[in-house]
>>> print(open('data_29.pdb').read())   # PDB, C-alpha atoms and all ligand atoms
ATOM      1  CA  MET A   1       0.000   0.000   0.000
ATOM      2  CA  LEU A   2       1.249   3.495  -0.817
ATOM      3  CA  PRO A   3       2.048   5.664   2.199
ATOM      4  CA  THR A   4      -0.698   8.101   1.325
ATOM      5  CA  ALA A   5      -3.284   5.397   0.672
ATOM      6  CA  SER A   6      -6.387   6.362   2.548
ATOM      7  CA  ILE A   7      -9.900   5.198   3.257
ATOM      8  CA  MET A   8     -12.654   7.618   4.144
ATOM      9  CA  TYR A   9     -15.152   6.826   6.882
ATOM     10  CA  GLU A  10     -18.287   8.531   8.076
ATOM     11  CA  ILE A  11     -19.308   9.206  11.649
ATOM     12  CA  GLU A  12     -21.348   6.679  13.562
ATOM     13  CA  LEU A  13     -22.284   7.920  17.019
ATOM     14  CA  GLN A  14     -21.163   5.782  19.948
ATOM     15  CA  GLU A  15     -23.132   5.238  23.123
ATOM     16  CA  HIS A  16     -20.096   4.934  25.383
ATOM     17  CA  ASP A  17     -17.933   7.833  26.537
ATOM     18  CA  PRO A  18     -15.083   8.174  24.035
ATOM     19  CA  MET A  19     -12.975   9.999  26.555
ATOM     20  CA  SER A  20     -13.125   7.105  29.013
ATOM     21  CA  LYS A  21      -9.790   6.116  27.475
ATOM     22  CA  ASN A  22      -8.043   9.197  28.796
ATOM     23  CA  ARG A  23     -10.244  10.885  31.365
ATOM     24  CA  ALA A  24     -11.522   9.759  34.711
ATOM     25  CA  THR A  25     -12.550  11.234  38.026
ATOM     26  CA  ALA A  26      -9.656  11.952  40.363
ATOM     27  CA  ALA A  27      -9.793  10.846  43.996
ATOM     28  CA  ASP A  28     -10.834  14.362  45.082
ATOM     29  CA  GLY A  29     -13.730  14.347  42.610
ATOM     30  CA  SER A  30     -12.067  16.692  40.084
ATOM     31  CA  MET A  31     -11.437  15.629  36.479
ATOM     32  CA  ALA A  32      -8.282  13.657  35.884
ATOM     33  CA  THR A  33      -6.747  13.398  32.447
ATOM     34  CA  SER A  34      -3.864  11.496  30.937
ATOM     35  CA  TYR A  35      -0.353  12.814  30.669
ATOM     36  CA  GLY A  36       1.079  10.010  28.573
ATOM     37  CA  PHE A  37       0.295   6.862  30.557
ATOM     38  CA  SER A  38       0.076   8.763  33.867
ATOM     39  CA  SER A  39      -3.129  10.191  35.263
ATOM     40  CA  VAL A  40      -2.859  13.849  36.325
ATOM     41  CA  GLY A  41      -5.250  16.686  37.156
ATOM     42  CA  GLU A  42      -6.455  18.657  34.132
ATOM     43  CA  GLY A  43      -4.760  21.791  35.497
ATOM     44  CA  GLU A  44      -1.468  19.944  35.881
ATOM     45  CA  LYS A  45      -1.357  18.450  32.372
ATOM     46  CA  GLN A  46      -0.944  21.747  30.497
ATOM     47  CA  GLY A  47       2.138  22.716  32.524
ATOM     48  CA  LEU A  48       3.761  19.347  31.849
ATOM     49  CA  VAL A  49       2.950  19.554  28.129
ATOM     50  CA  ASN A  50       4.361  23.084  27.985
ATOM     51  CA  ASP A  51       7.636  21.844  29.535
ATOM     52  CA  VAL A  52       7.882  19.189  26.820
ATOM     53  CA  PHE A  53       7.503  21.695  23.978
ATOM     54  CA  HIS A  54       9.776  24.314  25.562
ATOM     55  CA  LYS A  55      12.434  21.588  25.698
ATOM     56  CA  VAL A  56      11.963  20.306  22.147
ATOM     57  CA  ALA A  57      11.177  23.582  20.280
ATOM     58  CA  LYS A  58      14.586  24.075  18.658
ATOM     59  CA  ARG A  59      14.855  20.423  17.610
ATOM     60  CA  TYR A  60      11.158  19.941  16.894
ATOM     61  CA  ASP A  61      11.319  20.043  13.089
ATOM     62  CA  ILE A  62      14.259  17.694  12.709
ATOM     63  CA  MET A  63      12.763  15.275  15.252
ATOM     64  CA  ASN A  64       9.480  15.246  13.319
ATOM     65  CA  ASP A  65      11.332  13.952  10.284
ATOM     66  CA  VAL A  66      13.231  11.381  12.322
ATOM     67  CA  MET A  67      10.208  10.134  14.293
ATOM     68  CA  SER A  68       7.943   9.754  11.276
ATOM     69  CA  GLY A  69      10.582   8.894   8.654
ATOM     70  CA  GLY A  70       9.493  12.059   6.828
ATOM     71  CA  MET A  71       5.890  10.827   6.675
ATOM     72  CA  HIS A  72       4.542  13.864   8.552
ATOM     73  CA  ARG A  73       5.252  15.883   5.398
ATOM     74  CA  VAL A  74       3.136  13.537   3.266
ATOM     75  CA  TRP A  75       0.254  13.607   5.774
ATOM     76  CA  LYS A  76       0.422  17.400   6.065
ATOM     77  CA  ASP A  77       0.395  17.780   2.281
ATOM     78  CA  ALA A  78      -2.652  15.494   2.130
ATOM     79  CA  MET A  79      -4.366  17.664   4.771
ATOM     80  CA  ILE A  80      -3.789  20.809   2.688
ATOM     81  CA  ALA A  81      -5.056  19.025  -0.441
ATOM     82  CA  ALA A  82      -8.247  18.152   1.484
ATOM     83  CA  LEU A  83      -8.605  21.772   2.612
ATOM     84  CA  ASN A  84      -7.943  23.097  -0.900
ATOM     85  CA  PRO A  85      -7.726  26.763   0.167
ATOM     86  CA  PRO A  86      -9.223  29.181  -2.363
ATOM     87  CA  LYS A  87      -6.821  31.368  -4.324
ATOM     88  CA  LYS A  88      -8.704  34.573  -3.634
ATOM     89  CA  PRO A  89      -8.154  37.399  -1.140
ATOM     90  CA  GLY A  90     -10.038  37.723   2.120
ATOM     91  CA  TRP A  91     -10.064  34.047   3.138
ATOM     92  CA  ARG A  92      -8.967  33.611   6.752
ATOM     93  CA  PHE A  93      -7.824  30.540   8.637
ATOM     94  CA  ILE A  94      -6.576  29.709  12.090
ATOM     95  CA  ASP A  95      -4.030  26.963  12.676
ATOM     96  CA  VAL A  96      -4.328  25.985  16.328
ATOM     97  CA  ALA A  97      -1.405  24.364  18.175
ATOM     98  CA  GLY A  98       0.411  25.607  15.091
ATOM     99  CA  GLY A  99       3.855  25.331  16.702
ATOM    100  CA  THR A 100       6.634  26.011  14.223
ATOM    101  CA  GLY A 101       4.225  26.847  11.394
ATOM    102  CA  ASP A 102       4.299  23.811   9.065
ATOM    103  CA  ILE A 103       0.546  23.753   8.376
ATOM    104  CA  ALA A 104       0.107  27.528   8.086
ATOM    105  CA  PHE A 105       3.027  27.813   5.626
ATOM    106  CA  ARG A 106       1.508  25.131   3.421
ATOM    107  CA  ILE A 107      -1.928  26.789   3.458
ATOM    108  CA  VAL A 108      -0.574  30.215   2.517
ATOM    109  CA  GLU A 109       1.526  28.710  -0.269
ATOM    110  CA  ALA A 110      -1.391  26.593  -1.576
ATOM    111  CA  SER A 111      -3.557  29.737  -1.717
ATOM    112  CA  ARG A 112      -0.848  31.454  -3.811
ATOM    113  CA  LYS A 113      -0.307  33.794  -0.870
ATOM    114  CA  GLU A 114      -3.915  35.014  -0.869
ATOM    115  CA  ALA A 115      -4.961  33.449   2.472
ATOM    116  CA  LEU A 116      -4.384  35.268   5.741
ATOM    117  CA  GLY A 117      -3.595  33.054   8.684
ATOM    118  CA  THR A 118      -3.326  33.037  12.453
ATOM    119  CA  VAL A 119      -0.866  30.595  13.980
ATOM    120  CA  LEU A 120      -1.988  30.047  17.552
ATOM    121  CA  ASP A 121      -0.036  28.103  20.140
ATOM    122  CA  ILE A 122       0.202  28.095  23.920
ATOM    123  CA  ASN A 123       3.979  27.828  23.754
ATOM    124  CA  GLY A 124       6.092  30.914  23.022
ATOM    125  CA  SER A 125       9.221  28.844  22.278
ATOM    126  CA  MET A 126       7.460  26.941  19.465
ATOM    127  CA  LEU A 127       5.989  30.180  18.066
ATOM    128  CA  ALA A 128       9.389  31.904  18.113
ATOM    129  CA  VAL A 129      10.821  29.143  15.901
ATOM    130  CA  GLY A 130       7.738  29.454  13.654
ATOM    131  CA  GLN A 131       8.099  33.215  13.312
ATOM    132  CA  GLU A 132      11.757  32.918  12.344
ATOM    133  CA  ARG A 133      10.915  30.257   9.725
ATOM    134  CA  ALA A 134       8.068  32.421   8.317
ATOM    135  CA  GLU A 135      10.448  35.322   7.848
ATOM    136  CA  LYS A 136      13.013  33.127   6.081
ATOM    137  CA  ARG A 137      10.324  31.816   3.695
ATOM    138  CA  GLY A 138       8.916  35.272   2.947
ATOM    139  CA  LEU A 139       5.540  34.382   4.481
ATOM    140  CA  ALA A 140       5.568  36.608   7.565
ATOM    141  CA  ALA A 141       3.299  39.267   5.992
ATOM    142  CA  HIS A 142       0.544  36.673   5.577
ATOM    143  CA  LEU A 143       0.623  35.337   9.114
ATOM    144  CA  GLU A 144       0.133  36.509  12.672
ATOM    145  CA  PHE A 145       1.462  34.509  15.616
ATOM    146  CA  VAL A 146      -0.685  34.430  18.737
ATOM    147  CA  GLU A 147       0.222  32.867  22.073
ATOM    148  CA  ALA A 148      -3.020  31.510  23.542
ATOM    149  CA  ASN A 149      -4.858  28.399  24.676
ATOM    150  CA  ALA A 150      -6.918  26.275  22.270
ATOM    151  CA  GLU A 151      -9.514  26.027  25.048
ATOM    152  CA  GLU A 152     -10.067  29.806  25.104
ATOM    153  CA  LEU A 153      -9.497  31.349  21.701
ATOM    154  CA  PRO A 154      -9.107  35.146  21.922
ATOM    155  CA  PHE A 155     -11.289  35.766  18.858
ATOM    156  CA  GLU A 156     -14.874  36.758  18.239
ATOM    157  CA  ASP A 157     -17.480  34.281  17.041
ATOM    158  CA  LYS A 158     -17.430  33.544  13.285
ATOM    159  CA  SER A 159     -13.949  34.993  12.653
ATOM    160  CA  PHE A 160     -12.506  32.313  10.345
ATOM    161  CA  ASP A 161     -13.286  30.322   7.195
ATOM    162  CA  ALA A 162     -11.189  27.343   8.297
ATOM    163  CA  TYR A 163      -9.778  25.905  11.511
ATOM    164  CA  THR A 164      -6.881  23.463  11.315
ATOM    165  CA  ILE A 165      -5.036  21.598  14.036
ATOM    166  CA  ALA A 166      -2.251  19.081  13.402
ATOM    167  CA  PHE A 167      -0.745  16.806  16.031
ATOM    168  CA  GLY A 168      -1.987  19.277  18.622
ATOM    169  CA  ILE A 169      -5.335  18.239  19.996
ATOM    170  CA  ARG A 170      -4.114  15.235  21.986
ATOM    171  CA  ASN A 171      -1.985  17.639  24.030
ATOM    172  CA  VAL A 172      -4.963  19.782  25.063
ATOM    173  CA  PRO A 173      -6.342  18.840  28.509
ATOM    174  CA  ASP A 174     -10.026  19.509  27.719
ATOM    175  CA  ILE A 175     -10.529  18.377  24.122
ATOM    176  CA  ASP A 176     -14.317  18.921  24.157
ATOM    177  CA  LYS A 177     -13.788  22.546  25.154
ATOM    178  CA  ALA A 178     -11.244  23.068  22.348
ATOM    179  CA  LEU A 179     -13.702  21.551  19.840
ATOM    180  CA  ARG A 180     -16.493  23.867  21.021
ATOM    181  CA  GLU A 181     -14.130  26.818  20.600
ATOM    182  CA  ALA A 182     -13.289  25.640  17.073
ATOM    183  CA  HIS A 183     -16.989  25.614  16.243
ATOM    184  CA  ARG A 184     -17.569  29.049  17.802
ATOM    185  CA  VAL A 185     -14.838  30.888  15.859
ATOM    186  CA  LEU A 186     -15.775  29.416  12.472
ATOM    187  CA  ARG A 187     -18.148  31.147  10.092
ATOM    188  CA  ARG A 188     -21.146  29.214   8.808
ATOM    189  CA  GLY A 189     -19.903  26.944   6.034
ATOM    190  CA  GLY A 190     -16.459  26.914   7.683
ATOM    191  CA  ARG A 191     -14.248  23.833   7.634
ATOM    192  CA  PHE A 192     -12.705  22.012  10.588
ATOM    193  CA  LEU A 193      -9.734  19.729   9.893
ATOM    194  CA  CYS A 194      -7.754  17.823  12.480
ATOM    195  CA  LEU A 195      -4.700  15.699  11.701
ATOM    196  CA  GLU A 196      -3.623  13.447  14.544
ATOM    197  CA  PHE A 197      -1.861  10.174  15.242
ATOM    198  CA  SER A 198      -4.473   7.501  15.520
ATOM    199  CA  GLU A 199      -5.165   3.812  15.904
ATOM    200  CA  VAL A 200      -3.324   1.575  13.442
ATOM    201  CA  GLN A 201      -5.786  -0.673  11.642
ATOM    202  CA  MET A 202      -3.328  -3.339  10.355
ATOM    203  CA  PRO A 203      -2.017  -6.024  12.749
ATOM    204  CA  ILE A 204       1.545  -6.341  11.369
ATOM    205  CA  LEU A 205       2.035  -2.628  10.871
ATOM    206  CA  ASP A 206       0.666  -2.154  14.379
ATOM    207  CA  ARG A 207       3.438  -4.319  15.883
ATOM    208  CA  LEU A 208       6.203  -2.634  13.889
ATOM    209  CA  TYR A 209       4.854   0.777  14.821
ATOM    210  CA  GLU A 210       4.627  -0.223  18.497
ATOM    211  CA  ALA A 211       8.270  -1.351  18.528
ATOM    212  CA  TRP A 212       9.499   1.803  16.792
ATOM    213  CA  SER A 213       7.400   4.064  19.030
ATOM    214  CA  PHE A 214       8.401   2.643  22.385
ATOM    215  CA  HIS A 215      12.011   1.647  21.661
ATOM    216  CA  GLY A 216      13.168   3.722  18.687
ATOM    217  CA  ILE A 217      11.660   7.164  19.238
ATOM    218  CA  PRO A 218      12.741   7.852  22.852
ATOM    219  CA  LYS A 219      16.279   6.629  21.959
ATOM    220  CA  MET A 220      16.405   8.913  18.918
ATOM    221  CA  GLY A 221      15.155  11.761  21.116
ATOM    222  CA  GLN A 222      17.990  11.080  23.533
ATOM    223  CA  ALA A 223      20.577  10.911  20.747
ATOM    224  CA  ILE A 224      19.434  13.905  18.682
ATOM    225  CA  ALA A 225      17.704  16.219  21.134
ATOM    226  CA  GLY A 226      19.695  15.133  24.208
ATOM    227  CA  ASP A 227      16.588  14.081  26.162
ATOM    228  CA  GLY A 228      14.421  11.005  25.610
ATOM    229  CA  GLU A 229      11.734  11.818  28.175
ATOM    230  CA  PRO A 230       9.698  14.334  26.125
ATOM    231  CA  TYR A 231       9.510  11.756  23.335
ATOM    232  CA  GLN A 232       8.342   9.081  25.746
ATOM    233  CA  TYR A 233       5.429  11.428  26.587
ATOM    234  CA  LEU A 234       4.660  12.008  22.894
ATOM    235  CA  VAL A 235       4.533   8.270  22.201
ATOM    236  CA  GLU A 236       2.374   7.525  25.238
ATOM    237  CA  SER A 237      -0.005  10.393  24.483
ATOM    238  CA  ILE A 238      -0.672   8.905  21.035
ATOM    239  CA  ARG A 239      -1.819   5.640  22.640
ATOM    240  CA  LYS A 240      -4.179   7.462  25.003
ATOM    241  CA  PHE A 241      -5.927   9.479  22.296
ATOM    242  CA  PRO A 242      -9.491   8.350  21.361
ATOM    243  CA  ARG A 243      -9.740   6.050  18.346
ATOM    244  CA  GLN A 244     -10.981   7.412  15.016
ATOM    245  CA  GLN A 245     -14.676   6.676  15.433
ATOM    246  CA  ASP A 246     -14.805   7.983  18.993
ATOM    247  CA  PHE A 247     -13.022  11.198  18.097
ATOM    248  CA  ALA A 248     -15.443  11.698  15.183
ATOM    249  CA  ALA A 249     -18.327  11.416  17.650
ATOM    250  CA  MET A 250     -16.744  14.103  19.850
ATOM    251  CA  ILE A 251     -16.467  16.433  16.842
ATOM    252  CA  GLY A 252     -20.135  15.809  16.072
ATOM    253  CA  ARG A 253     -21.112  16.604  19.664
ATOM    254  CA  ALA A 254     -19.257  19.941  19.452
ATOM    255  CA  GLY A 255     -21.784  20.929  16.782
ATOM    256  CA  PHE A 256     -20.078  19.993  13.512
ATOM    257  CA  GLY A 257     -21.915  18.324  10.662
ATOM    258  CA  ARG A 258     -20.848  15.913   7.900
ATOM    259  CA  VAL A 259     -18.054  14.510  10.073
ATOM    260  CA  THR A 260     -15.745  12.083   8.278
ATOM    261  CA  TRP A 261     -12.231  10.815   8.681
ATOM    262  CA  THR A 262      -9.531   9.478   6.429
ATOM    263  CA  ASP A 263      -6.838   7.090   7.613
ATOM    264  CA  TYR A 264      -3.297   7.656   6.415
ATOM    265  CA  THR A 265      -0.677   4.898   6.387
ATOM    266  CA  GLY A 266      -3.029   2.304   7.800
ATOM    267  CA  GLY A 267      -4.273   4.594  10.572
ATOM    268  CA  VAL A 268      -0.898   5.728  11.918
ATOM    269  CA  ALA A 269      -2.420   9.158  11.330
ATOM    270  CA  ALA A 270      -5.996  10.188  10.582
ATOM    271  CA  LEU A 271      -7.508  13.356   9.201
ATOM    272  CA  HIS A 272     -10.897  14.257  10.700
ATOM    273  CA  SER A 273     -13.120  16.699   8.866
ATOM    274  CA  GLY A 274     -16.265  18.556   9.893
ATOM    275  CA  TRP A 275     -18.308  21.510   8.720
ATOM    276  CA  LYS A 276     -20.071  24.305  10.580
ATOM    277  CA  LEU A 277     -23.437  24.014   8.852
TER     278      LEU A 277
HETATM  279  N1  LIG B   1       0.974  21.734  14.463
HETATM  280  C1  LIG B   1       2.416  21.645  14.524
HETATM  281  C2  LIG B   1       2.899  20.546  13.602
HETATM  282  O1  LIG B   1       2.059  19.809  13.100
HETATM  283  O2  LIG B   1       4.092  20.424  13.392
HETATM  284  C3  LIG B   1       2.908  21.463  15.961
HETATM  285  C4  LIG B   1       2.397  20.235  16.656
HETATM  286  S1  LIG B   1       3.194  19.924  18.208
HETATM  287  C5  LIG B   1       3.267  18.189  18.254
HETATM  288  C6  LIG B   1       1.924  20.237  19.387
HETATM  289  C7  LIG B   1       1.731  21.707  19.710
HETATM  290  O3  LIG B   1       0.561  21.841  20.516
HETATM  291  C8  LIG B   1       2.872  22.334  20.504
HETATM  292  O4  LIG B   1       3.395  23.426  19.810
HETATM  293  C9  LIG B   1       2.196  22.756  21.806
HETATM  294  O5  LIG B   1       2.748  23.907  22.392
HETATM  295  C10 LIG B   1       0.771  22.957  21.344
HETATM  296  N2  LIG B   1      -0.237  22.968  22.438
HETATM  297  C11 LIG B   1      -0.319  22.113  23.481
HETATM  298  N3  LIG B   1      -1.366  22.434  24.265
HETATM  299  C12 LIG B   1      -1.963  23.512  23.686
HETATM  300  C13 LIG B   1      -3.095  24.301  24.026
HETATM  301  N4  LIG B   1      -3.842  24.031  25.107
HETATM  302  N5  LIG B   1      -3.430  25.338  23.232
HETATM  303  C14 LIG B   1      -2.678  25.624  22.123
HETATM  304  N6  LIG B   1      -1.590  24.911  21.767
HETATM  305  C15 LIG B   1      -1.240  23.865  22.528
END
>>> encode(input="data_29.pdb", output="structure tokens", more="lines below")
Ligand code: SAM
Amino acid sequence: MLPTASIMYEIELQEHDPMSKNRATAADGSMATSYGFSSVGEGEKQGLVNDVFHKVAKRYDIMNDVMSGGMHRVWKDAMIAALNPPKKPGWRFIDVAGGTGDIAFRIVEASRKEALGTVLDINGSMLAVGQERAEKRGLAAHLEFVEANAEELPFEDKSFDAYTIAFGIRNVPDIDKALREAHRVLRRGGRFLCLEFSEVQMPILDRLYEAWSFHGIPKMGQAIAGDGEPYQYLVESIRKFPRQQDFAAMIGRAGFGRVTWTDYTGGVAALHSGWKL
């Protein structure tokens, strides 16, 4: 199968709680959430996640290539092809958890520099790398960089034509809240697209992927970035994220219509799509 080979699925609502995989009630009655394989308070998770991305920011782009064997580029290109941004002025998008800018750069370039974008991330270190890269690529005039939380977007209702988030949502403590915010800031007819690591659907690939994730990636992190621990978190957080169908149901509950998803590379990654109807 080609790396980009994909199958599209449509939403089928589940009765059970899709977040049961990574949320529970803490002993004191407050919500607990997963930080990798550990259970932490929702308030605590964001600080731990922020530490990870402060540590990896400067090495983030090179590690992405190493961890995914360059596949993240193929998946990101497929996401932009699905979005198909119009080549006309006035179209606005927000790329949430945009980090070092990969998705936003691709959107602006695909729109022939007509689109105007907001790269939003909670982490100033990731955004600083993104800003520097935007300047080098001559894209800075088309983008603004905003440090803020996906759970509380500092924008008015109906501000954007598209909302994208790539490899970001599993890091957000309250995913339902982030999805509701996505719906709020989109205009009617606006597109929601989320690219995220997902559940591998092929048994042999699953075992290979498991071995690489738990043995290869943290070791590469140690060798290249000088610290394996952040990469251990990244690998564990992928396993705790809801499976494709369950995540689609969450998107539907946030108010989106026509929710579908497409598996990439046998489900290593999946692109979820929804519309504000
Ligand atoms: N989207 C980029 C890409 O695909 O290369 C970066 C993805 S990186 C794996 C995850 C990003 O999510 C980090 O930059 C991190 O700071 C950001 N993030 C984590 N929690 C967030 C939150 N609550 N709100 C906004 N961004 C968040």
>>> closest_residue(input="data_29.pdb", among="A:Gly274, A:Pro242, A:Gly226, A:Pro218", to="A:Ile169", atoms="all atoms listed in the file")
A:Pro242
>>> axis_aligned_box(input="data_29.pdb", around="ligand LIG 1 (chain B)", padding_each_side="8 Å", output="lines of an AutoDock Vina configuration file")
center_x = 0.1
center_y = 21.9
center_z = 19.1
size_x = 23.9
size_y = 23.4
size_z = 28.0
>>> residues_near_ligand(input="data_29.pdb", ligand="ligand LIG 1 (chain B)", cutoff="9 Å", atoms="only C-alpha atoms and all ligand atoms", output="ChimeraX atom specification")
/A:46-47,49-54,57,60-61,64,72,76,95-104,120-127,147-153,164-175,178,195-196,234
>>> closest_residue(input="data_29.pdb", among="A:Leu116, A:Val268, A:Ala249, A:Met63", to="A:Asp206", atoms="all atoms listed in the file")
A:Val268
>>> closest_residue(input="data_29.pdb", among="A:Phe247, A:Phe145, A:Phe93, A:Phe256", to="A:His183", atoms="only C-alpha atoms")
A:Phe256
>>> residues_around(input="data_29.pdb", residues="A:Ser198", least_positions_apart="6", cutoff="12 Å", atoms="only C-alpha atoms", output="PyMOL selection string")
chain A and resi 166-167+169-170+206+209+235-248+261-272
>>> atom_distance(input="data_29.pdb", atom1="atom CA of A:Thr260", atom2="atom CA of A:Arg191")
11.9 Å
>>> atom_distance(input="data_29.pdb", atom1="atom CA of A:Arg180", atom2="atom CA of A:Met250")
9.8 Å
>>> atom_distance(input="data_29.pdb", atom1="atom CA of A:Ser111", atom2="atom CA of A:Ala128")
23.8 Å
>>> closest_residue(input="data_29.pdb", among="A:Lys219, A:Arg73, A:Lys113, A:Arg187", to="A:Asp157", atoms="all atoms listed in the file")
A:Arg187
>>> residues_near_point(input="data_29.pdb", point="(-5.2, 29.8, -3.4)", cutoff="7 Å", atoms="all atoms listed in the file", output="ChimeraX atom specification")
/A:85-88,110-115
>>> residues_near_point(input="data_29.pdb", point="(-18.5, 32.1, 6.2)", cutoff="9 Å", atoms="only C-alpha atoms", output="ChimeraX atom specification")
/A:158-162,186-190
>>> closest_residue(input="data_29.pdb", among="A:Lys58, A:Ala82, A:Val74, A:Ser39", to="A:Val129", atoms="all atoms listed in the file")
A:Lys58
>>> build_atoms(input="data_29.pdb", residues="stretch 206-228 of chain A", atoms="N, CA and C atoms", output="PDB file, keeping the file's coordinate frame")
ATOM      1  N   ASP A 206       0.887  -2.539  12.991  1.00  0.00           N
ATOM      2  CA  ASP A 206       0.666  -2.154  14.379  1.00  0.00           C
ATOM      3  C   ASP A 206       1.854  -2.575  15.252  1.00  0.00           C
ATOM      4  N   ARG A 207       2.331  -3.822  15.056  1.00  0.00           N
ATOM      5  CA  ARG A 207       3.438  -4.319  15.883  1.00  0.00           C
ATOM      6  C   ARG A 207       4.752  -3.606  15.571  1.00  0.00           C
ATOM      7  N   LEU A 208       4.979  -3.355  14.286  1.00  0.00           N
ATOM      8  CA  LEU A 208       6.203  -2.634  13.889  1.00  0.00           C
ATOM      9  C   LEU A 208       6.196  -1.221  14.476  1.00  0.00           C
ATOM     10  N   TYR A 209       5.025  -0.602  14.354  1.00  0.00           N
ATOM     11  CA  TYR A 209       4.854   0.777  14.821  1.00  0.00           C
ATOM     12  C   TYR A 209       5.045   0.853  16.335  1.00  0.00           C
ATOM     13  N   GLU A 210       4.504  -0.140  17.032  1.00  0.00           N
ATOM     14  CA  GLU A 210       4.627  -0.223  18.497  1.00  0.00           C
ATOM     15  C   GLU A 210       6.111  -0.294  18.894  1.00  0.00           C
ATOM     16  N   ALA A 211       6.852  -1.154  18.197  1.00  0.00           N
ATOM     17  CA  ALA A 211       8.270  -1.351  18.528  1.00  0.00           C
ATOM     18  C   ALA A 211       9.058  -0.058  18.269  1.00  0.00           C
ATOM     19  N   TRP A 212       8.794   0.561  17.132  1.00  0.00           N
ATOM     20  CA  TRP A 212       9.499   1.803  16.792  1.00  0.00           C
ATOM     21  C   TRP A 212       9.147   2.894  17.807  1.00  0.00           C
ATOM     22  N   SER A 213       7.852   2.996  18.140  1.00  0.00           N
ATOM     23  CA  SER A 213       7.400   4.064  19.030  1.00  0.00           C
ATOM     24  C   SER A 213       8.041   3.952  20.409  1.00  0.00           C
ATOM     25  N   PHE A 214       7.985   2.753  20.988  1.00  0.00           N
ATOM     26  CA  PHE A 214       8.401   2.643  22.385  1.00  0.00           C
ATOM     27  C   PHE A 214       9.893   2.408  22.565  1.00  0.00           C
ATOM     28  N   HIS A 215      10.564   1.897  21.523  1.00  0.00           N
ATOM     29  CA  HIS A 215      12.011   1.647  21.661  1.00  0.00           C
ATOM     30  C   HIS A 215      12.815   2.646  20.841  1.00  0.00           C
ATOM     31  N   GLY A 216      12.382   2.862  19.580  1.00  0.00           N
ATOM     32  CA  GLY A 216      13.168   3.722  18.687  1.00  0.00           C
ATOM     33  C   GLY A 216      13.063   5.200  19.028  1.00  0.00           C
ATOM     34  N   ILE A 217      11.845   5.708  19.138  1.00  0.00           N
ATOM     35  CA  ILE A 217      11.660   7.164  19.238  1.00  0.00           C
ATOM     36  C   ILE A 217      12.312   7.770  20.481  1.00  0.00           C
ATOM     37  N   PRO A 218      12.070   7.228  21.689  1.00  0.00           N
ATOM     38  CA  PRO A 218      12.741   7.852  22.852  1.00  0.00           C
ATOM     39  C   PRO A 218      14.265   7.805  22.732  1.00  0.00           C
ATOM     40  N   LYS A 219      14.804   6.720  22.130  1.00  0.00           N
ATOM     41  CA  LYS A 219      16.279   6.629  21.959  1.00  0.00           C
ATOM     42  C   LYS A 219      16.766   7.684  20.966  1.00  0.00           C
ATOM     43  N   MET A 220      16.017   7.882  19.880  1.00  0.00           N
ATOM     44  CA  MET A 220      16.405   8.913  18.918  1.00  0.00           C
ATOM     45  C   MET A 220      16.320  10.295  19.571  1.00  0.00           C
ATOM     46  N   GLY A 221      15.309  10.488  20.398  1.00  0.00           N
ATOM     47  CA  GLY A 221      15.155  11.761  21.116  1.00  0.00           C
ATOM     48  C   GLY A 221      16.376  12.029  21.987  1.00  0.00           C
ATOM     49  N   GLN A 222      16.817  10.969  22.668  1.00  0.00           N
ATOM     50  CA  GLN A 222      17.990  11.080  23.533  1.00  0.00           C
ATOM     51  C   GLN A 222      19.225  11.427  22.694  1.00  0.00           C
ATOM     52  N   ALA A 223      19.377  10.732  21.572  1.00  0.00           N
ATOM     53  CA  ALA A 223      20.577  10.911  20.747  1.00  0.00           C
ATOM     54  C   ALA A 223      20.587  12.272  20.045  1.00  0.00           C
ATOM     55  N   ILE A 224      19.443  12.683  19.512  1.00  0.00           N
ATOM     56  CA  ILE A 224      19.434  13.905  18.682  1.00  0.00           C
ATOM     57  C   ILE A 224      19.116  15.148  19.501  1.00  0.00           C
ATOM     58  N   ALA A 225      18.123  15.030  20.380  1.00  0.00           N
ATOM     59  CA  ALA A 225      17.704  16.219  21.134  1.00  0.00           C
ATOM     60  C   ALA A 225      18.311  16.234  22.544  1.00  0.00           C
ATOM     61  N   GLY A 226      19.022  15.165  22.908  1.00  0.00           N
ATOM     62  CA  GLY A 226      19.695  15.133  24.208  1.00  0.00           C
ATOM     63  C   GLY A 226      18.779  14.800  25.370  1.00  0.00           C
ATOM     64  N   ASP A 227      17.534  14.395  25.085  1.00  0.00           N
ATOM     65  CA  ASP A 227      16.588  14.081  26.162  1.00  0.00           C
ATOM     66  C   ASP A 227      15.496  13.163  25.595  1.00  0.00           C
ATOM     67  N   GLY A 228      15.411  11.960  26.123  1.00  0.00           N
ATOM     68  CA  GLY A 228      14.421  11.005  25.610  1.00  0.00           C
ATOM     69  C   GLY A 228      13.052  11.161  26.237  1.00  0.00           C
TER      70      GLY A 228
END
